[in-house]
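Structure below is run-v5.csv: CSV, C-alpha atoms.
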```csv
chain,number,residue,atom,x,y,z
A,262,MET,CA,146.7,118.5,111.5
A,263,PHE,CA,148.2,121.2,109.1
A,264,ALA,CA,150.9,121.9,111.8
A,265,GLU,CA,152.2,118.4,111.3
A,266,LEU,CA,152.3,118.9,107.6
A,267,ARG,CA,154.2,122.2,108.0
A,268,ARG,CA,156.8,120.5,110.2
A,269,MET,CA,157.7,118.0,107.5
A,270,ASN,CA,160.7,118.8,105.3
A,271,VAL,CA,160.6,118.3,101.5
A,272,ARG,CA,162.1,114.8,101.8
A,273,GLN,CA,159.5,113.6,104.3
A,274,LEU,CA,156.7,115.1,102.2
A,275,ALA,CA,158.0,113.4,99.1
A,276,GLY,CA,158.2,110.1,101.0
A,277,GLN,CA,154.5,110.5,102.0
A,278,VAL,CA,153.5,111.2,98.4
A,279,LEU,CA,155.4,108.1,97.3
A,280,ASN,CA,153.5,106.1,99.9
A,281,ILE,CA,150.2,107.3,98.5
A,282,LEU,CA,151.3,106.4,94.9
A,283,ASN,CA,152.4,103.0,96.2
A,284,ILE,CA,149.0,102.3,97.7
A,285,VAL,CA,147.2,103.4,94.6
A,286,SER,CA,149.4,101.4,92.3
A,287,THR,CA,149.1,98.3,94.5
A,288,ALA,CA,145.3,98.6,94.5
A,289,PHE,CA,145.4,98.8,90.7
A,290,MET,CA,147.7,95.8,90.4
A,291,ILE,CA,145.4,93.7,92.7
A,292,TRP,CA,142.4,94.8,90.6
A,293,LYS,CA,144.1,93.8,87.3
A,294,SER,CA,145.3,90.5,88.8
A,295,ILE,CA,141.8,89.6,89.9
A,296,ALA,CA,140.5,90.5,86.4
A,297,VAL,CA,143.1,88.2,84.8
A,298,ILE,CA,142.3,85.3,87.2
A,299,THR,CA,138.5,85.7,86.7
A,300,ASN,CA,138.8,86.3,82.9
A,301,THR,CA,136.6,89.4,83.1
A,302,GLU,CA,137.3,93.1,82.6
A,303,SER,CA,135.2,93.9,85.7
A,304,PRO,CA,135.3,91.2,88.4
A,305,ILE,CA,133.2,93.2,90.9
A,306,VAL,CA,130.0,95.2,90.1
A,307,VAL,CA,127.3,96.9,92.1
A,308,VAL,CA,123.6,96.3,91.5
A,309,LEU,CA,122.1,99.7,90.7
A,310,SER,CA,118.4,98.9,90.2
A,311,GLU,CA,115.7,96.7,91.6
A,312,SER,CA,115.3,94.7,88.3
A,313,MET,CA,116.8,91.5,89.8
A,314,GLU,CA,114.8,91.4,93.1
A,315,PRO,CA,114.4,89.2,95.0
A,316,ALA,CA,117.7,87.6,93.9
A,317,PHE,CA,119.7,90.8,94.3
A,318,GLN,CA,118.8,94.1,96.0
A,319,ARG,CA,120.0,97.5,95.0
A,320,GLY,CA,123.5,98.0,96.5
A,321,ASP,CA,124.6,94.4,96.5
A,322,ILE,CA,128.1,93.7,95.3
A,323,LEU,CA,128.4,90.9,92.7
A,324,PHE,CA,131.5,88.8,92.1
A,325,LEU,CA,131.9,87.8,88.5
A,326,ASN,CA,133.8,85.1,86.7
A,327,MET,CA,133.9,84.2,83.0
A,328,PRO,CA,135.5,80.7,82.6
A,329,ARG,CA,136.9,80.2,79.1
A,330,ASN,CA,135.4,76.8,78.4
A,331,GLU,CA,132.2,77.1,80.3
A,332,PRO,CA,129.1,77.8,78.1
A,333,ILE,CA,126.4,80.3,78.9
A,334,GLU,CA,123.3,78.4,80.0
A,335,ILE,CA,119.7,79.2,80.6
A,336,ASN,CA,119.1,80.6,84.2
A,337,ASP,CA,122.7,81.9,84.4
A,338,ILE,CA,122.8,85.4,85.9
A,339,CYS,CA,125.1,87.4,83.7
A,340,VAL,CA,126.4,90.9,83.5
A,341,PHE,CA,126.4,92.3,80.0
A,342,LYS,CA,127.4,95.6,78.4
A,343,LEU,CA,125.8,97.0,75.3
A,344,GLU,CA,127.5,99.3,72.8
A,345,GLY,CA,127.0,102.9,73.5
A,346,ARG,CA,126.1,102.4,77.2
A,347,ASP,CA,128.5,102.8,80.1
A,348,ILE,CA,126.6,101.0,82.7
A,349,PRO,CA,126.5,97.1,82.6
A,350,ILE,CA,123.2,95.3,83.1
A,351,VAL,CA,122.7,92.3,85.5
A,352,HIS,CA,120.0,90.0,84.3
A,353,ARG,CA,119.1,86.3,83.9
A,354,VAL,CA,119.5,84.3,80.7
A,355,ILE,CA,116.0,83.1,79.6
A,356,LYS,CA,116.7,81.8,76.1
A,357,ILE,CA,119.6,80.7,73.9
A,358,HIS,CA,119.5,80.4,70.2
A,359,GLU,CA,122.3,79.0,68.1
A,360,ASP,CA,122.7,79.9,64.4
A,361,ALA,CA,122.9,76.7,62.4
A,362,GLU,CA,125.3,78.2,59.8
A,363,THR,CA,127.7,80.3,61.9
A,364,LYS,CA,127.3,78.3,65.2
A,365,LYS,CA,127.1,81.7,67.0
A,366,GLU,CA,125.1,81.8,70.2
A,367,TYR,CA,122.3,84.4,70.5
A,368,ILE,CA,121.2,85.1,74.1
A,369,LEU,CA,118.0,86.7,75.5
A,370,THR,CA,117.9,88.1,79.0
A,371,LYS,CA,115.4,89.4,81.5
A,372,GLY,CA,115.4,90.9,84.9
A,373,ASP,CA,113.6,88.7,87.5
A,374,ASN,CA,111.5,91.7,88.6
A,375,ASN,CA,110.7,92.9,85.1
A,376,ASN,CA,107.5,91.9,83.2
A,377,ALA,CA,109.1,91.6,79.8
A,378,ASP,CA,112.4,90.4,78.3
A,379,ASP,CA,115.3,92.8,77.6
A,380,ARG,CA,114.7,93.4,73.9
A,381,GLY,CA,113.5,96.9,74.9
A,382,LEU,CA,116.8,97.6,76.5
A,383,TYR,CA,119.0,96.3,73.7
A,384,ASN,CA,120.2,98.6,71.0
A,385,ARG,CA,117.8,99.5,68.1
A,386,ARG,CA,116.9,96.5,65.9
A,387,GLN,CA,118.8,94.2,68.2
A,388,MET,CA,116.8,91.2,69.3
A,389,TRP,CA,119.6,89.2,71.0
A,390,ILE,CA,122.9,89.7,72.6
A,391,HIS,CA,126.0,87.7,71.9
A,392,LYS,CA,128.6,86.1,74.2
A,393,ASP,CA,131.0,88.9,73.5
A,394,HIS,CA,128.5,91.3,75.2
A,395,ILE,CA,128.7,89.3,78.4
A,396,VAL,CA,131.2,90.7,81.0
A,397,GLY,CA,130.8,87.7,83.4
A,398,LYS,CA,128.6,85.3,85.2
A,399,VAL,CA,127.6,86.0,88.8
A,400,LYS,CA,129.4,83.6,91.2
A,401,GLY,CA,128.6,85.3,94.5
A,402,PHE,CA,127.5,88.5,96.2
A,403,LEU,CA,127.7,90.7,99.4
A,404,PRO,CA,124.4,92.3,100.3
A,405,TYR,CA,124.1,96.1,100.5
A,406,VAL,CA,127.9,96.7,100.7
A,407,GLY,CA,127.8,98.6,97.4
A,408,MET,CA,125.4,101.3,98.8
A,409,VAL,CA,128.6,103.3,99.5
A,410,THR,CA,129.4,103.4,95.8
A,411,ILE,CA,125.8,104.4,94.9
A,412,ILE,CA,125.8,107.2,97.5
A,413,MET,CA,129.2,108.5,96.2
A,414,ASN,CA,127.9,108.5,92.6
A,415,ASP,CA,124.7,110.2,93.6
A,416,TYR,CA,126.6,112.9,95.6
A,417,PRO,CA,130.0,113.5,93.7
A,418,TRP,CA,131.1,116.2,96.2
A,419,LEU,CA,131.0,113.5,98.9
A,420,LYS,CA,133.4,111.3,96.9
A,421,THR,CA,135.8,114.3,96.4
A,422,ALA,CA,135.6,115.2,100.1
A,423,LEU,CA,136.3,111.7,101.3
A,424,LEU,CA,139.2,111.2,98.9
A,425,GLY,CA,140.7,114.6,100.0
A,426,ILE,CA,140.4,113.7,103.7
A,427,LEU,CA,141.9,110.3,103.2
A,428,GLY,CA,144.8,111.8,101.1
A,429,LEU,CA,145.4,114.4,103.8
A,430,PHE,CA,145.3,111.8,106.5
A,431,VAL,CA,148.0,109.7,104.7
A,432,LEU,CA,150.1,112.7,104.1
A,433,VAL,CA,150.0,113.9,107.7
A,434,HIS,CA,150.5,110.6,109.5
A,435,ARG,CA,154.1,109.4,109.3
A,436,GLU,CA,153.5,105.8,110.4
```
Exercise: express the given structure as structure tokens:
Amino acid sequence: MFAELRRMNVRQLAGQVLNILNIVSTAFMIWKSIAVITNTESPIVVVLSESMEPAFQRGDILFLNMPRNEPIEINDICVFKLEGRDIPIVHRVIKIHEDAETKKEYILTKGDNNNADDRGLYNRRQMWIHKDHIVGKVKGFLPYVGMVTIIMNDYPWLKTALLGILGLFVLVHRE
């Protein structure tokens, strides 16, 4: 494997590096295009907990969409992000309240497998979330495919090793 790498001249090696950069930039452009089409910053998320069982299992991949003119309704399964937290939450909308003066919608969520609503998860003194907290509505899912992501997050060395092997493979193979 390394013998093949040693046989390459600088021009061939530079060509392989450019191929890798082309692959990475193409993947990024596809991701951003999907985000624009679906009107959400994160069109694909992985379920990390059992709070939405039996609807979704840990490791399911969810496909999100956030139509501009479509309101949030009770029983919609939404992904929302709270200030100060990196990981989005996937739960069902159980109650919607509209402020009579400001016409702003206040939303209450709950995991299907949880006993109580999400007020305990919200930030301190926050009783509702707003539409601007919502990343997207769940439109579809693939069961268990996201377990790969969960395993790589649980074992960061595995992610590094896998990316290194893939990078080396792309560098060495000229096709």
Using Å and a single decimal, report how far atom CA of A:Gly372 sits from atom CA of A:Glu331. 22.2 Å
Please, what distance in Å, to one decimal, runs between atom CA of A:Ile333 and atom CA of A:Lys293?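 If I compute the distance from atom CA of A:Ile333 to atom CA of A:Lys293, I get 23.8 Å.
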Can you tell me, as a PyMOL selection string, what residues are no more than 10 Å from A:Leu382 when counting only C-alpha atoms, ignoring any on the same chain fewer than 2 positions away? chain A and resi 343+350+370-371+378-380+384-385+387-388
Close residues, stretch 298-310 of chain A itself excluded, 12 Å, only C-alpha atoms, min 5 positions apart in chain, as a short mmCIF file (atom, residue, chain, number, x, y, z; two decimals) with C-alpha atoms, in the coordinates of the input:
```cif
data_model
loop_
_atom_site.label_atom_id
_atom_site.label_comp_id
_atom_site.auth_asym_id
_atom_site.auth_seq_id
_atom_site.Cartn_x
_atom_site.Cartn_y
_atom_site.Cartn_z
CA ILE A 291 145.40 93.70 92.70
CA TRP A 292 142.40 94.80 90.60
CA LYS A 293 144.10 93.80 87.30
CA PRO A 315 114.40 89.20 95.00
CA ALA A 316 117.70 87.60 93.90
CA PHE A 317 119.70 90.80 94.30
CA GLN A 318 118.80 94.10 96.00
CA ARG A 319 120.00 97.50 95.00
CA GLY A 320 123.50 98.00 96.50
CA ASP A 321 124.60 94.40 96.50
CA ILE A 322 128.10 93.70 95.30
CA LEU A 323 128.40 90.90 92.70
CA PHE A 324 131.50 88.80 92.10
CA LEU A 325 131.90 87.80 88.50
CA ASN A 326 133.80 85.10 86.70
CA MET A 327 133.90 84.20 83.00
CA PRO A 328 135.50 80.70 82.60
CA ARG A 329 136.90 80.20 79.10
CA ASN A 330 135.40 76.80 78.40
CA GLU A 331 132.20 77.10 80.30
CA CYS A 339 125.10 87.40 83.70
CA VAL A 340 126.40 90.90 83.50
CA PHE A 341 126.40 92.30 80.00
CA LYS A 342 127.40 95.60 78.40
CA ILE A 348 126.60 101.00 82.70
CA PRO A 349 126.50 97.10 82.60
CA ILE A 350 123.20 95.30 83.10
CA VAL A 351 122.70 92.30 85.50
CA HIS A 352 120.00 90.00 84.30
CA GLY A 372 115.40 90.90 84.90
CA ASP A 373 113.60 88.70 87.50
CA ASN A 374 111.50 91.70 88.60
CA ASN A 375 110.70 92.90 85.10
CA ASP A 393 131.00 88.90 73.50
CA HIS A 394 128.50 91.30 75.20
CA ILE A 395 128.70 89.30 78.40
CA VAL A 396 131.20 90.70 81.00
CA GLY A 397 130.80 87.70 83.40
CA LYS A 398 128.60 85.30 85.20
CA VAL A 399 127.60 86.00 88.80
CA LYS A 400 129.40 83.60 91.20
CA GLY A 401 128.60 85.30 94.50
CA PHE A 402 127.50 88.50 96.20
CA LEU A 403 127.70 90.70 99.40
CA PRO A 404 124.40 92.30 100.30
CA TYR A 405 124.10 96.10 100.50
CA VAL A 406 127.90 96.70 100.70
CA GLY A 407 127.80 98.60 97.40
CA MET A 408 125.40 101.30 98.80
CA VAL A 409 128.60 103.30 99.50
CA THR A 410 129.40 103.40 95.80
CA ILE A 411 125.80 104.40 94.90
CA ILE A 412 125.80 107.20 97.50
CA ASN A 414 127.90 108.50 92.60
CA ASP A 415 124.70 110.20 93.60
#
```
Compare A:Ala361, A:Met269, A:Ile368, A:Ile281 by their minimum atom-to-atom distance to A:Asn336, counting only C-alpha atoms, and give me the closest one.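 Closest candidate: A:Ile368.
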Could you state the separation of atom CA of A:Tyr416 and atom CA of A:Val285 in Å, given to one decimal place?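 Pair atom CA of A:Tyr416 / atom CA of A:Val285 returns 22.7 Å.
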Might you pull out every residue within 12 Å of A:Gly276, with only C-alpha atoms counted and same-chain residues fewer than 2 positions away left off, and present them as a PyMOL selection string? chain A and resi 269-274+278-283+431-436
Repair of stretch 283-304 of chain A at the level of N, CA and C atoms, as a PDB file, in the frame of the given file:
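Once everything was written out, this is part.pdb:
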```pdb
ATOM      1  N   ASN A 283     152.240 104.438  96.002  1.00  0.00           N
ATOM      2  CA  ASN A 283     152.400 103.000  96.200  1.00  0.00           C
ATOM      3  C   ASN A 283     151.121 102.307  96.515  1.00  0.00           C
ATOM      4  N   ILE A 284     150.326 102.910  97.373  1.00  0.00           N
ATOM      5  CA  ILE A 284     149.000 102.300  97.700  1.00  0.00           C
ATOM      6  C   ILE A 284     148.106 102.278  96.521  1.00  0.00           C
ATOM      7  N   VAL A 285     148.050 103.367  95.760  1.00  0.00           N
ATOM      8  CA  VAL A 285     147.200 103.400  94.600  1.00  0.00           C
ATOM      9  C   VAL A 285     147.629 102.388  93.537  1.00  0.00           C
ATOM     10  N   SER A 286     148.934 102.302  93.277  1.00  0.00           N
ATOM     11  CA  SER A 286     149.400 101.400  92.300  1.00  0.00           C
ATOM     12  C   SER A 286     149.226  99.905  92.720  1.00  0.00           C
ATOM     13  N   THR A 287     149.367  99.645  94.019  1.00  0.00           N
ATOM     14  CA  THR A 287     149.100  98.300  94.500  1.00  0.00           C
ATOM     15  C   THR A 287     147.661  97.910  94.368  1.00  0.00           C
ATOM     16  N   ALA A 288     146.755  98.828  94.677  1.00  0.00           N
ATOM     17  CA  ALA A 288     145.300  98.600  94.500  1.00  0.00           C
ATOM     18  C   ALA A 288     145.014  98.280  93.028  1.00  0.00           C
ATOM     19  N   PHE A 289     145.628  99.048  92.132  1.00  0.00           N
ATOM     20  CA  PHE A 289     145.400  98.800  90.700  1.00  0.00           C
ATOM     21  C   PHE A 289     145.939  97.472  90.260  1.00  0.00           C
ATOM     22  N   MET A 290     147.110  97.080  90.740  1.00  0.00           N
ATOM     23  CA  MET A 290     147.700  95.800  90.400  1.00  0.00           C
ATOM     24  C   MET A 290     146.824  94.627  90.904  1.00  0.00           C
ATOM     25  N   ILE A 291     146.298  94.775  92.114  1.00  0.00           N
ATOM     26  CA  ILE A 291     145.400  93.700  92.700  1.00  0.00           C
ATOM     27  C   ILE A 291     144.157  93.623  91.818  1.00  0.00           C
ATOM     28  N   TRP A 292     143.571  94.763  91.444  1.00  0.00           N
ATOM     29  CA  TRP A 292     142.400  94.800  90.600  1.00  0.00           C
ATOM     30  C   TRP A 292     142.635  94.068  89.271  1.00  0.00           C
ATOM     31  N   LYS A 293     143.741  94.415  88.624  1.00  0.00           N
ATOM     32  CA  LYS A 293     144.100  93.800  87.300  1.00  0.00           C
ATOM     33  C   LYS A 293     144.382  92.317  87.471  1.00  0.00           C
ATOM     34  N   SER A 294     145.024  91.913  88.568  1.00  0.00           N
ATOM     35  CA  SER A 294     145.300  90.500  88.800  1.00  0.00           C
ATOM     36  C   SER A 294     144.005  89.704  88.962  1.00  0.00           C
ATOM     37  N   ILE A 295     143.073  90.253  89.712  1.00  0.00           N
ATOM     38  CA  ILE A 295     141.800  89.600  89.900  1.00  0.00           C
ATOM     39  C   ILE A 295     141.060  89.503  88.526  1.00  0.00           C
ATOM     40  N   ALA A 296     141.161  90.562  87.712  1.00  0.00           N
ATOM     41  CA  ALA A 296     140.500  90.500  86.400  1.00  0.00           C
ATOM     42  C   ALA A 296     141.129  89.453  85.506  1.00  0.00           C
ATOM     43  N   VAL A 297     142.433  89.253  85.573  1.00  0.00           N
ATOM     44  CA  VAL A 297     143.100  88.200  84.800  1.00  0.00           C
ATOM     45  C   VAL A 297     142.659  86.823  85.281  1.00  0.00           C
ATOM     46  N   ILE A 298     142.650  86.631  86.595  1.00  0.00           N
ATOM     47  CA  ILE A 298     142.300  85.300  87.200  1.00  0.00           C
ATOM     48  C   ILE A 298     140.844  84.966  86.850  1.00  0.00           C
ATOM     49  N   THR A 299     139.930  85.936  86.926  1.00  0.00           N
ATOM     50  CA  THR A 299     138.500  85.700  86.700  1.00  0.00           C
ATOM     51  C   THR A 299     138.123  85.749  85.205  1.00  0.00           C
ATOM     52  N   ASN A 300     139.065  86.184  84.360  1.00  0.00           N
ATOM     53  CA  ASN A 300     138.800  86.300  82.900  1.00  0.00           C
ATOM     54  C   ASN A 300     137.692  87.276  82.605  1.00  0.00           C
ATOM     55  N   THR A 301     137.626  88.363  83.335  1.00  0.00           N
ATOM     56  CA  THR A 301     136.600  89.400  83.100  1.00  0.00           C
ATOM     57  C   THR A 301     137.199  90.756  83.312  1.00  0.00           C
ATOM     58  N   GLU A 302     136.758  91.715  82.511  1.00  0.00           N
ATOM     59  CA  GLU A 302     137.300  93.100  82.600  1.00  0.00           C
ATOM     60  C   GLU A 302     136.858  93.746  83.933  1.00  0.00           C
ATOM     61  N   SER A 303     135.739  93.291  84.491  1.00  0.00           N
ATOM     62  CA  SER A 303     135.200  93.900  85.700  1.00  0.00           C
ATOM     63  C   SER A 303     134.760  92.772  86.655  1.00  0.00           C
ATOM     64  N   PRO A 304     135.656  92.301  87.538  1.00  0.00           N
ATOM     65  CA  PRO A 304     135.300  91.200  88.400  1.00  0.00           C
ATOM     66  C   PRO A 304     134.331  91.473  89.522  1.00  0.00           C
TER      67      PRO A 304
END
```
